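Asker: Below is the structure I would like to discuss, written out as structure tokens.
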Amino acid sequence: MFLDRVKITIKAGNGGKGAVSFLRNAQTANGGPDGGDGGKGGDVVFLATDELNTLYSFRFKKKFVAGDGLGGSKQNKTGKSGEDVVIKVPTGTVLINPENEKVIADLSENGKRFVALKGGAGGHGNAYFKSSIKQAPGFSQIGEEVRQKEVILELKTIADVGLIGFPNVGKSTLLSVISNANPKIANYPFTTIYPNLGVCEVMGESFVVADIPGLIEGASKGLGLGHYFLKHVERVRLLVHLIDISQSEGRNIVDDYKTINDELASYSAELTKTKQIVVFSKCDLIDEETLKTRLKKFEEEYKISDYLLLSSLTNVGVEALKKKILENLKKIPKKPPLAVTDFDFDKKDASSFEIKRNDDGSFEVFGGRLDGLVRGVVLSNAQSFAYFQRRLKEMGVIDSLIERGMKNGDTVIIKDISFIYEE
Ligand SMILES: Nc1nc2c(ncn2[C@@H]2O[C@H](COP(=O)(O)OP(=O)(O)OP(=O)(O)O)[C@@H](O)[C@H]2O)c(=O)[nH]1
Ligand SMILES: [Mg+2]
């Protein structure tokens, strides 16, 4: 099975907790604070590789989590950083934000890396909080927590040349003749159900050719398989349009040419600008006379005389086509990677909070405004907790809770902190 669009969940590692520790050794009975910072959480990294050519493996594994940073320790030791998770994707994979369908990254080259999510920062150890006033801070900071996100992976094949045409016109056969690819070939439509890639070498140079599943009328609107794969031709520089001149399936070359071009146009106006080489395939199947009559009609209809005759069976036209492709490619620049917009992953909403009443009567407060505050609190420490309560008042959280009906003795839960409200 071929998979070229899949939604996965990714999560960077949380930061490790800062340590609370005081230097104690034979010489010093009451040394200064020496609790080290927590380690940074691991990042979520995507890596493009030519080793893969489908997103198939994501069918089974859909969640990728980087390692959390470890806690700091005494003697100012910073905690170990969490391990990055490196997700290998086929070259040509585009990352899309499911919230707005915008492209976040285009992994258009083998070896290209993209850090999609950054690990949370480690919390500071108590050594960090030492100041002229606070000689012996008894608290540290917890690590930054990062949320999981969803991301869509979409594979848009990177090839120089795309072979297009109706089903069964001989696209895969041609690919097998001109390149190292070994696609399935059979005398029925829709033999090819996903794009095959092959490298073609000619006169010491090479280019990549993709064999696209057959297109039919209505493909751009979802008929057949074609529309699903039209995204793979979006990025090719050159199209080789195969038309079966033997007309063995009851259609004719004049209509075929138009139907396919109409489908390309209705899929994307950009595609109509991609240069096409017109190739009449299976020319071995008809006699000279029939060939001439059909070509004459075609030329009259479209005023096109720049085409090639091909038989992948007898090799007629194969070398000429390879050369023509190369000549054309030399004139057409590579397509640049897609424009990207930022994921906004790191942008946290630091302005709001929300209150929820639980079934047991307790109040729960959430929201970006509290995240930073909660990180700075260590409950067991009176200084730290007093600061926390003062900030809750200043931020208007206590007033909002009272508005929602909070009374003396009610429980308030904020992240992993829970306390009883007393006026
Ligand atoms: N006589 C003749 N038969 C050919 C030629 N090229 C391909 N065929 C035959 O045509 C049939 C279809 O060929 P494919 O290469 O599978 O066609 P396709 O365009 O890839 O078809 P789909 O993958 O279904 O879209 C096969 O039976 C081939 O052997 C040719 O030049 N001459
Ligand atoms: Mg095929």
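Quick note on naming: the chains in the structure tokens go A, B, ... in the order shown, residues restart at 1 in each chain, and ligands are numbered from 1 in order of appearance.
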Go through the chains and note each residue within 6 Å of ligand 1, using only C-alpha atoms and all ligand atoms, then give the set as a PyMOL selection string.
Answerer: chain A and resi 167-173+185-192+213-214+281-282+284-285+311-313
Asker: I'd like the contact shell of Asn53 (chain A) - 10 Å cut-off, only C-alpha atoms, skipping same-chain residues fewer than 5 positions apart - returned as a list in words.
Answerer: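 Listing them by chain and then by number gives Phe2, Leu3, Asp4, Val89, Pro90, Thr91, Gly92, Thr93, Leu155, Thr157, Pro195, Asn196 and Leu197 of chain A.
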Asker: Please identify all polymer residues within 12 Å of Gly396 (chain A), counting only C-alpha atoms, omitting same-chain residues fewer than 4 positions from it, and present them as a PyMOL selection string.
Answerer: chain A and resi 351-355+365+369-370+389-392+400-403
Asker: List every residue of region 76-130 of chain A that DSSP, applied to the backbone of this structure, assigns to strand (DSSP E), and report them as number ranges by chain.
Answerer: A: 85-90, 93-97, 102-107, 113-117
Asker: Record the distance separating CA of Lys231 (chain A) and CA of Leu153 (chain A), expressed in Å with one decimal.
Answerer: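 Distance between the two atoms: 13.2 Å.
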Asker: For ligand 2, which of A:Thr9, A:Ser268, A:Thr49, A:Asn182 is the closest residue, counting only C-alpha atoms and all ligand atoms?
Answerer: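 Distance minimum relative to ligand 2 lands on A:Asn182.
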Asker: I need the residue nearest Thr259 (chain A) from this list: A:Pro98, A:Gly204, A:Gly165, A:Gly38. Use only C-alpha atoms for the distance.
Answerer: A:Gly165
Asker: Write out as a PyMOL selection string each polymer residue whose atoms come within 12 Å of Ser21 (chain A), counting only C-alpha atoms; drop sequence neighbours fewer than 3 positions from it.
Answerer: chain A and resi 18+24+30-37+72-77+124-130+136-140
Asker: Any chance you can output those residues with N, CA and C atoms as a PDB file, in the first residue's frame?
Answerer:
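Output (selection.pdb):
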ATOM      1  N   GLY A  18      14.679  21.693  38.215  1.00  0.00           N
ATOM      2  CA  GLY A  18      15.892  22.183  38.870  1.00  0.00           C
ATOM      3  C   GLY A  18      16.033  21.535  40.249  1.00  0.00           C
ATOM      4  N   ARG A  24      27.435  20.504  51.231  1.00  0.00           N
ATOM      5  CA  ARG A  24      27.789  19.970  52.553  1.00  0.00           C
ATOM      6  C   ARG A  24      28.962  19.042  52.379  1.00  0.00           C
ATOM      7  N   ASN A  30      27.456  24.309  56.502  1.00  0.00           N
ATOM      8  CA  ASN A  30      26.298  24.993  55.944  1.00  0.00           C
ATOM      9  C   ASN A  30      26.669  25.786  54.701  1.00  0.00           C
ATOM     10  N   GLY A  31      26.917  25.085  53.651  1.00  0.00           N
ATOM     11  CA  GLY A  31      27.371  25.743  52.427  1.00  0.00           C
ATOM     12  C   GLY A  31      26.226  26.402  51.681  1.00  0.00           C
ATOM     13  N   GLY A  32      26.584  27.050  50.597  1.00  0.00           N
ATOM     14  CA  GLY A  32      25.570  27.751  49.796  1.00  0.00           C
ATOM     15  C   GLY A  32      24.752  26.782  48.958  1.00  0.00           C
ATOM     16  N   PRO A  33      23.737  27.299  48.310  1.00  0.00           N
ATOM     17  CA  PRO A  33      22.896  26.457  47.454  1.00  0.00           C
ATOM     18  C   PRO A  33      23.686  25.963  46.243  1.00  0.00           C
ATOM     19  N   ASP A  34      23.558  24.693  45.911  1.00  0.00           N
ATOM     20  CA  ASP A  34      24.288  24.178  44.745  1.00  0.00           C
ATOM     21  C   ASP A  34      23.425  23.243  43.893  1.00  0.00           C
ATOM     22  N   GLY A  35      22.115  23.482  43.917  1.00  0.00           N
ATOM     23  CA  GLY A  35      21.209  22.650  43.097  1.00  0.00           C
ATOM     24  C   GLY A  35      21.294  23.070  41.641  1.00  0.00           C
ATOM     25  N   GLY A  36      21.629  22.124  40.770  1.00  0.00           N
ATOM     26  CA  GLY A  36      21.799  22.426  39.342  1.00  0.00           C
ATOM     27  C   GLY A  36      20.472  22.535  38.597  1.00  0.00           C
ATOM     28  N   ASP A  37      20.556  23.075  37.400  1.00  0.00           N
ATOM     29  CA  ASP A  37      19.368  23.226  36.556  1.00  0.00           C
ATOM     30  C   ASP A  37      18.944  21.888  35.965  1.00  0.00           C
ATOM     31  N   GLY A  72      18.064  18.361  37.604  1.00  0.00           N
ATOM     32  CA  GLY A  72      19.421  18.761  37.979  1.00  0.00           C
ATOM     33  C   GLY A  72      19.807  18.047  39.261  1.00  0.00           C
ATOM     34  N   SER A  73      21.073  18.149  39.649  1.00  0.00           N
ATOM     35  CA  SER A  73      21.449  17.530  40.917  1.00  0.00           C
ATOM     36  C   SER A  73      22.441  18.411  41.655  1.00  0.00           C
ATOM     37  N   LYS A  74      22.911  17.893  42.796  1.00  0.00           N
ATOM     38  CA  LYS A  74      23.800  18.694  43.637  1.00  0.00           C
ATOM     39  C   LYS A  74      25.106  19.001  42.909  1.00  0.00           C
ATOM     40  N   GLN A  75      25.902  19.843  43.535  1.00  0.00           N
ATOM     41  CA  GLN A  75      27.178  20.300  42.962  1.00  0.00           C
ATOM     42  C   GLN A  75      26.963  20.988  41.620  1.00  0.00           C
ATOM     43  N   ASN A  76      25.815  21.686  41.506  1.00  0.00           N
ATOM     44  CA  ASN A  76      25.502  22.458  40.298  1.00  0.00           C
ATOM     45  C   ASN A  76      25.476  21.638  39.025  1.00  0.00           C
ATOM     46  N   LYS A  77      25.133  20.361  39.163  1.00  0.00           N
ATOM     47  CA  LYS A  77      25.118  19.528  37.958  1.00  0.00           C
ATOM     48  C   LYS A  77      23.807  19.712  37.196  1.00  0.00           C
ATOM     49  N   HIS A 124      15.348  26.065  36.663  1.00  0.00           N
ATOM     50  CA  HIS A 124      16.576  26.456  37.356  1.00  0.00           C
ATOM     51  C   HIS A 124      16.657  25.798  38.728  1.00  0.00           C
ATOM     52  N   GLY A 125      17.846  25.410  39.079  1.00  0.00           N
ATOM     53  CA  GLY A 125      18.078  24.860  40.416  1.00  0.00           C
ATOM     54  C   GLY A 125      18.145  25.994  41.431  1.00  0.00           C
ATOM     55  N   ASN A 126      18.190  25.629  42.707  1.00  0.00           N
ATOM     56  CA  ASN A 126      18.166  26.703  43.712  1.00  0.00           C
ATOM     57  C   ASN A 126      19.413  27.581  43.671  1.00  0.00           C
ATOM     58  N   ALA A 127      20.499  27.066  43.127  1.00  0.00           N
ATOM     59  CA  ALA A 127      21.718  27.874  43.038  1.00  0.00           C
ATOM     60  C   ALA A 127      21.452  29.128  42.219  1.00  0.00           C
ATOM     61  N   TYR A 128      20.605  28.991  41.223  1.00  0.00           N
ATOM     62  CA  TYR A 128      20.291  30.094  40.325  1.00  0.00           C
ATOM     63  C   TYR A 128      19.584  31.229  41.056  1.00  0.00           C
ATOM     64  N   PHE A 129      18.800  30.875  42.049  1.00  0.00           N
ATOM     65  CA  PHE A 129      17.974  31.880  42.724  1.00  0.00           C
ATOM     66  C   PHE A 129      18.692  32.601  43.849  1.00  0.00           C
ATOM     67  N   LYS A 130      19.932  32.240  44.024  1.00  0.00           N
ATOM     68  CA  LYS A 130      20.692  32.892  45.091  1.00  0.00           C
ATOM     69  C   LYS A 130      20.879  34.377  44.744  1.00  0.00           C
ATOM     70  N   ALA A 136      19.923  31.692  50.863  1.00  0.00           N
ATOM     71  CA  ALA A 136      19.724  30.239  50.846  1.00  0.00           C
ATOM     72  C   ALA A 136      18.345  29.884  50.318  1.00  0.00           C
ATOM     73  N   PRO A 137      18.109  30.137  49.032  1.00  0.00           N
ATOM     74  CA  PRO A 137      16.789  29.825  48.487  1.00  0.00           C
ATOM     75  C   PRO A 137      16.505  28.332  48.611  1.00  0.00           C
ATOM     76  N   GLY A 138      15.344  28.018  49.153  1.00  0.00           N
ATOM     77  CA  GLY A 138      15.013  26.605  49.381  1.00  0.00           C
ATOM     78  C   GLY A 138      14.101  26.078  48.300  1.00  0.00           C
ATOM     79  N   PHE A 139      14.076  26.748  47.169  1.00  0.00           N
ATOM     80  CA  PHE A 139      13.186  26.259  46.112  1.00  0.00           C
ATOM     81  C   PHE A 139      13.894  26.270  44.765  1.00  0.00           C
ATOM     82  N   SER A 140      13.339  25.512  43.869  1.00  0.00           N
ATOM     83  CA  SER A 140      13.862  25.464  42.499  1.00  0.00           C
ATOM     84  C   SER A 140      12.667  25.583  41.571  1.00  0.00           C
TER      85      SER A 140
END
Asker: Could you pull out the residues in region 112-354 of chain A that DSSP calls helix (DSSP H, G or I) from the backbone, as a PyMOL selection string?
Answerer: chain A and resi 126-129+171-178+219-221+226-233+253-267+269-273+283-285+288-302+318-331
